[in-house]
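Asks: Pasting a structure here, questions to come.
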2 protein chains.
Amino acid sequence: MSIIVQKFGGSSVADAESIKRVAKRIVETRKRGDDVVVVVSAMGDTTDELLDLAHAVVPALPAEGRELDMLLTAGERISMALLAMAIKSQGADAVSFTGSQAGMLTDDKHGAARIVSVTPGRVRQALDQGQIAIVQGFAGFNKVTGDITTLGRGGSDTSAVALAAALDADVCEIYTDVDGVFTADPRVVPKARKIGRITSEEMLELAAGGAKVLHNRSVEYARRHGVTLHVRSSFTSDDGTIVYDPERAGSTMEEPMIVGVAHDLSEAKVTVVGVPDVPGTAARIFTIVAEAGANVDMIVQNVSEAATGRTDISFTLPKQEAGSVLQALDSHKADVGFASLQHDDQIGKLALVGAGMRTNAGVSARLFKALADAGINIEMISTSEIRISVVTRADQLVDAVRVVHSAFELDGDQDAVVHGGTGR
Amino acid sequence: MSIIVQKFGGSSVADAESIKRVAKRIVETRKRGDDVVVVVSAMGDTTDELLDLAHAVVPALPAEGRELDMLLTAGERISMALLAMAIKSQGADAVSFTGSQAGMLTDDKHGAARIVSVTPGRVRQALDQGQIAIVQGFAGFNKVTGDITTLGRGGSDTSAVALAAALDADVCEIYTDVDGVFTADPRVVPKARKIGRITSEEMLELAAGGAKVLHNRSVEYARRHGVTLHVRSSFTSDDGTIVYDPERAGSTMEEPMIVGVAHDLSEAKVTVVGVPDVPGTAARIFTIVAEAGANVDMIVQNVSEAATGRTDISFTLPKQEAGSVLQALDSHKADVGFASLQHDDQIGKLALVGAGMRTNAGVSARLFKALADAGINIEMISTSEIRISVVTRADQLVDAVRVVHSAFELDGDQDAVVHGGTGR
């Protein structure tokens, strides 16, 4: 008998009817003979409604804190209790557990707690008694303070993966409102295909390139603990996308080299112009950037001009972080010794992801040619072991994704079905 | 420095504005130098909304259970966190505690848990650090199962009184949407006066007679543990009604003998006709009634008719319990040996409450005369140490309350202000 962890996001349990449908699905899984642990998010817009209430009470609401965690975890508490009731009314036995009861022990960083250890004794006991265990997503518990914490963004996915790891589950199924991970965003590339299997590393690169189906933190946790993920739709019974660890699964030789094209319009580009080309300058710049709290993605340093001994360094980061970074850099203009700063928030980022990419020069050549044929200018290039990222004008990004998707023969035979936005 | 426990019901924290107003009141109390512990109910209709959701998911919802407690406690969790945030934003320090964190330990009877012990170590610690402690009303924790429980009806009042007892608080203030306890329902008797001080025993009798400001369970807990209650309005700063323990407060000689008139239209009368007047018959009847789960209030046995050796026994009970009691009695008709059953749901109950009532024959005479003068027939009479209850026709009850209120000179000089219904 194997253990299956199933995680349902807010859009899968948005109302009473959805909860009943999800309960039916869980009961069917249980009837097939597996032990089932379910991790559930708050219903639909509950979290936003609770935040609205908090803002109405405290207009200058701190972004995180003990009381906010206390408030927000009420959302998952409601959905988990309702789901347990629904399952019981359908003839199976179920019991719901808070993060604390499920042993999700974290540090004390409210609003963005890190998991310290997972001790799901009560969950195991429930499984041993033939019960379906429903666990509150997003919520943790700090043993030192005795306080409730939350895991922050992507928290419920991380709860599910952490439980799967601690229980040595066979698979962690992430139910969402899309059919799986696609070779490109189906809303941009109608002929995008669902990816059957993808390594966790490739999934991380796709996510960094803008594919938002899974939160990176949960994929990283899965990779580190060897948890196999199955991203699938809660609206169909079709298989979705398996995200696996190649070292545990054996050779990747039979996998297609290119797995997909991701895109992202949420970033801006900052260029530090006229940087002295001496050792330590880049380190100095990115220390300042990091202290400003920015999450930098691509970094490109152009070749130095021999005549001036100066170079330009460009990087991309989320648009809303650009302001504070520009301010921080400007205040160090003299001691770093650069000439000026440029800021561009009209960029688009495209990432081609697949194994063994850098060792195959033909891949980047084909990518650049496809973009050139479509008249799309490349403004930045950055490559990793399994990803090639390029920056284009924002208004050319959609065209770029389509031509690259075709150039790498990723187009399917028919249009993908799009169910709507992605859940949280 | 003294400790004050303040309990706010759902109508006092119905929306963001109410929460801010309540927070202001709490901060003012703290600024006067007292340690403040606050017990809070769920916002406005939250509990009903959660119950509606549960019924939508499970139409045949069990009336109580582990998952229902998990669900409903989300309501108090939301209000307590918002209230703590509101207080902090007004410059005082506050921290919210779940029932479990506040040490409200109960048995495992979900939906109607009894308090086993109260160990508010974290609450004390918060007070020692100058913080205002906000405690989740209604919620408890069973240490054996590790599960969350709820205290059932009147639960938040009981939470507050139990905390006040465990912390040896000077007073437990129960904030509600009425100004205090009145000599009669102000909606029935406009000249009803607010009672300044009343003993817990008298309060219990008033409540049993239909005055619904405080739940009996919390008054009983207060009496048993010597907690002084102060029932007051959350909309004014006027003093309300002090409910005290006369043995701790000293002589009651200076108190007025009659404290008020309560009335109740929610009961029905059942008469068991032609009962054999032999020892053990009454016990037999009320064992059957108790096994049917009924909460009997008045019991009257008429004088036996010598000729037949038979008598009639009448009792009152909540209307909705009459059906199952009649059925249970009917199925034992032969072995109890009574002749027939009568059921009357058009009765009204009036109770006159005050100390030393039975020893003063003039009180009952004055009561009966007032009713007779108004042409109101008395159908049942029952007396206790501090209460005289009579049953009338339902459609005469309002008149009865008014004439009795006047006859005992309880009328005030001006009409009472009525704010609306009572909170839960």
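So you can find residues: chains in the structure tokens are A, B, ... in the order shown, residues in each start at 1, and ligands are numbered from 1 in order.
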Please identify every residue of chain B that has at least one atom no more than 7 Å from any atom of chain A, counting only C-alpha atoms, and report them as JSON, numbers by chain.

Replies: {"B": [16, 20, 53, 54, 56, 57, 58, 67, 68, 70, 71, 74, 77, 78, 81, 82, 84, 85, 86, 89]}

Asks: Please produce a file of those selected residues containing C-alpha atoms, as a short mmCIF file (atom, residue, chain, number, x, y, z; two decimals), in the first residue's frame.

Replies:
```
data_model
loop_
_atom_site.label_atom_id
_atom_site.label_comp_id
_atom_site.auth_asym_id
_atom_site.auth_seq_id
_atom_site.Cartn_x
_atom_site.Cartn_y
_atom_site.Cartn_z
CA ALA B 16 -14.19 46.88 10.93
CA LYS B 20 -11.81 49.84 15.97
CA LEU B 53 -21.46 26.74 4.33
CA ALA B 54 -21.33 23.47 6.25
CA ALA B 56 -24.30 23.50 1.76
CA VAL B 57 -21.49 20.92 1.81
CA VAL B 58 -23.32 18.37 3.99
CA GLU B 67 -14.81 19.00 12.33
CA LEU B 68 -17.65 21.38 13.14
CA MET B 70 -12.61 23.08 13.81
CA LEU B 71 -14.78 25.05 11.38
CA ALA B 74 -12.26 29.98 12.64
CA ARG B 77 -9.86 33.35 15.31
CA ILE B 78 -10.62 36.07 12.77
CA ALA B 81 -6.56 38.60 15.37
CA LEU B 82 -8.27 41.70 13.94
CA ALA B 84 -5.21 42.56 18.39
CA MET B 85 -4.12 44.34 15.19
CA ALA B 86 -6.52 47.23 15.87
CA SER B 89 -2.34 50.22 15.61
#
```

Asks: Can you check which residues of region 270-361 of chain B DSSP gives as alpha helix (DSSP H) on the backbone and send them as a VMD selection string?

Replies: chain B and resid 281 to 291 322 to 331 333 to 336 361

Asks: Excluding Asp415 (chain A) and residues on its chain fewer than 4 positions from it, collect all residues at most 9 Å away from it, counting only C-alpha atoms, and give them as an MDAnalysis selection string.

Replies: chainID A and resid 186 189:193 411

Asks: For the residues in the current selection, export C-alpha atoms as a short mmCIF file (atom, residue, chain, number, x, y, z; two decimals), in the first residue's frame.

Replies:
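Result written to again.cif:
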```
data_model
loop_
_atom_site.label_atom_id
_atom_site.label_comp_id
_atom_site.auth_asym_id
_atom_site.auth_seq_id
_atom_site.Cartn_x
_atom_site.Cartn_y
_atom_site.Cartn_z
CA PRO A 186 -1.37 28.05 -23.86
CA VAL A 189 0.82 29.70 -27.91
CA PRO A 190 -2.46 27.87 -28.66
CA LYS A 191 -0.52 24.86 -30.00
CA ALA A 192 1.42 24.44 -26.75
CA ARG A 193 1.65 20.80 -25.65
CA ASP A 411 3.66 22.71 -31.47
#
```

Asks: Check the DSSP output for the backbone and give back, as number ranges by chain, the residues of region 47-258 of chain A in strand (DSSP E or B).

Replies: A: 94-97, 104-106, 115-118, 132-136, 139-142, 147-150, 171-176, 182, 194, 197-199, 229-233, 241-244, 258

Asks: With C-alpha atoms retained, export the selected residues as a short mmCIF file (atom, residue, chain, number, x, y, z; two decimals), in the first residue's frame.

Replies:
```cif
data_model
loop_
_atom_site.label_atom_id
_atom_site.label_comp_id
_atom_site.auth_asym_id
_atom_site.auth_seq_id
_atom_site.Cartn_x
_atom_site.Cartn_y
_atom_site.Cartn_z
CA ALA A 94 -11.58 11.66 7.44
CA VAL A 95 -9.99 13.86 10.06
CA SER A 96 -8.53 17.34 9.65
CA PHE A 97 -5.29 18.55 11.21
CA MET A 104 4.73 21.28 10.48
CA LEU A 105 7.39 22.87 12.67
CA THR A 106 8.91 26.11 11.44
CA ILE A 115 10.20 24.56 7.70
CA VAL A 116 12.50 23.26 10.44
CA SER A 117 11.15 19.73 10.73
CA VAL A 118 8.04 17.76 9.90
CA ILE A 132 -8.04 10.13 5.16
CA ALA A 133 -5.91 12.87 6.72
CA ILE A 134 -6.76 16.46 5.73
CA VAL A 135 -3.92 18.86 6.53
CA GLN A 136 -4.11 22.64 6.67
CA ALA A 139 0.25 26.92 8.23
CA GLY A 140 3.10 26.04 10.55
CA PHE A 141 3.94 26.16 14.23
CA ASN A 142 6.95 27.41 16.12
CA ASP A 147 2.86 30.50 18.00
CA ILE A 148 1.18 29.79 14.66
CA THR A 149 3.18 30.73 11.57
CA THR A 150 2.56 30.79 7.82
CA VAL A 171 3.84 10.92 -5.21
CA CYS A 172 2.69 14.39 -4.33
CA GLU A 173 -0.18 15.37 -6.62
CA ILE A 174 -0.63 19.12 -7.05
CA TYR A 175 -4.17 19.80 -8.29
CA THR A 176 -4.66 23.07 -10.08
CA PHE A 182 3.00 23.17 -20.93
CA LYS A 194 1.34 19.40 -22.16
CA ARG A 197 7.61 14.29 -17.74
CA ILE A 198 10.08 16.97 -16.75
CA THR A 199 13.02 16.97 -14.32
CA LEU A 229 5.38 15.71 -8.15
CA HIS A 230 2.38 15.23 -10.38
CA VAL A 231 0.86 18.53 -11.53
CA ARG A 232 -2.66 17.90 -12.79
CA SER A 233 -6.10 19.38 -13.24
CA THR A 241 2.92 16.51 -15.76
CA ILE A 242 5.30 14.40 -13.67
CA VAL A 243 8.16 16.42 -12.15
CA TYR A 244 10.83 13.95 -11.15
CA ILE A 258 13.87 20.87 -25.22
#
```

Asks: Grab the CA of Asp399 (chain A) to CA of Met257 (chain A) distance for me, in Å with one decimal place.

Replies: 22.6 Å

Asks: Identify, on the basis of only C-alpha atoms, every residue whose closest approach to Val275 (chain A) does not exceed 6 Å; exclude the query and any residue fewer than 5 positions from it along the same chain; express the result as an MDAnalysis selection string.

Replies: chainID A and resid 310:312 338

Asks: Give me the residues within 9 Å of His332 (chain B) as a ChimeraX atom specification, counting only C-alpha atoms and dropping any in the same chain fewer than 5 places off.

Replies: /B:285,288,327,337

Asks: Those residues you just picked out, can you put them in a file as a PDB file, in the first residue's frame with N, CA and C atoms?

Replies:
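This went into again.pdb:
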```
ATOM      1  N   ILE B 285     -42.209   9.292  35.964  1.00  0.00           N
ATOM      2  CA  ILE B 285     -42.563  10.198  34.860  1.00  0.00           C
ATOM      3  C   ILE B 285     -41.361  11.058  34.457  1.00  0.00           C
ATOM      4  N   ILE B 288     -38.607   9.352  32.528  1.00  0.00           N
ATOM      5  CA  ILE B 288     -38.957   9.236  31.103  1.00  0.00           C
ATOM      6  C   ILE B 288     -38.713  10.562  30.388  1.00  0.00           C
ATOM      7  N   GLN B 327     -44.360  11.750  22.993  1.00  0.00           N
ATOM      8  CA  GLN B 327     -44.203  10.422  22.401  1.00  0.00           C
ATOM      9  C   GLN B 327     -43.655   9.419  23.428  1.00  0.00           C
ATOM     10  N   GLY B 337     -49.427   4.094  34.133  1.00  0.00           N
ATOM     11  CA  GLY B 337     -50.816   3.982  34.564  1.00  0.00           C
ATOM     12  C   GLY B 337     -51.595   5.280  34.575  1.00  0.00           C
TER      13      GLY B 337
END
```

Asks: Name all residues at most 8 Å from Leu206 (chain B) (count only C-alpha atoms; drop same-chain ones fewer than 2 positions away) and give them as a ChimeraX atom specification.

Replies: /B:202-204,208-211,260-262,351-353

Asks: Let me see the file: selected residues, C-alpha atoms, as a tab-separated table (two decimals), in the first residue's frame.

Replies:
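The new file again_24.tsv reads:
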```tsv
chain	number	residue	atom	x	y	z
B	202	GLU	CA	-31.41	36.33	41.50
B	203	MET	CA	-29.81	36.62	38.08
B	204	LEU	CA	-30.18	32.87	37.60
B	208	ALA	CA	-34.77	30.99	34.04
B	209	GLY	CA	-37.81	33.27	33.84
B	210	GLY	CA	-36.85	34.44	30.36
B	211	ALA	CA	-34.40	37.35	30.74
B	260	GLY	CA	-37.38	42.33	38.46
B	261	VAL	CA	-39.99	40.63	36.33
B	262	ALA	CA	-38.98	38.16	33.63
B	351	ALA	CA	-41.40	35.24	37.02
B	352	LEU	CA	-41.05	37.73	39.86
B	353	VAL	CA	-37.55	37.57	41.29
```

Asks: What is the CA of Val300 (chain B)-CA of Met380 (chain B) distance in Å, reported with one decimal?

Replies: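 That distance, rounded to one decimal, is 7.1 Å.
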
Asks: Could you list, as a list in words, every residue within 8 Å of Ala407 (chain B), counting only C-alpha atoms and ignoring same-chain residues fewer than 2 positions away?

Replies: Arg366, Leu367, Ala370, Val403, Val404, His405, Glu409 and Leu410 of chain B

Asks: Would you mind exporting the chosen residues as a tab-separated table (two decimals), in the first residue's frame, restricted to N, CA and C atoms?

Replies:
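File produced: out_32.tsv:
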```
chain	number	residue	atom	x	y	z
B	366	ARG	N	-49.74	40.11	46.71
B	366	ARG	CA	-49.76	41.31	45.89
B	366	ARG	C	-49.67	40.95	44.40
B	367	LEU	N	-48.84	39.92	44.11
B	367	LEU	CA	-48.70	39.46	42.72
B	367	LEU	C	-50.03	38.94	42.18
B	370	ALA	N	-52.64	41.72	41.67
B	370	ALA	CA	-52.39	42.57	40.51
B	370	ALA	C	-52.89	41.89	39.23
B	403	VAL	N	-48.54	44.97	34.50
B	403	VAL	CA	-49.25	45.26	35.75
B	403	VAL	C	-48.43	44.82	36.96
B	404	VAL	N	-47.70	43.71	36.83
B	404	VAL	CA	-46.89	43.26	37.96
B	404	VAL	C	-45.73	44.24	38.19
B	405	HIS	N	-45.12	44.70	37.10
B	405	HIS	CA	-44.02	45.66	37.20
B	405	HIS	C	-44.48	46.91	37.95
B	409	GLU	N	-43.90	48.57	42.11
B	409	GLU	CA	-43.27	49.89	42.08
B	409	GLU	C	-41.88	49.83	41.46
B	410	LEU	N	-41.78	49.05	40.39
B	410	LEU	CA	-40.49	48.94	39.70
B	410	LEU	C	-40.38	49.99	38.59
```
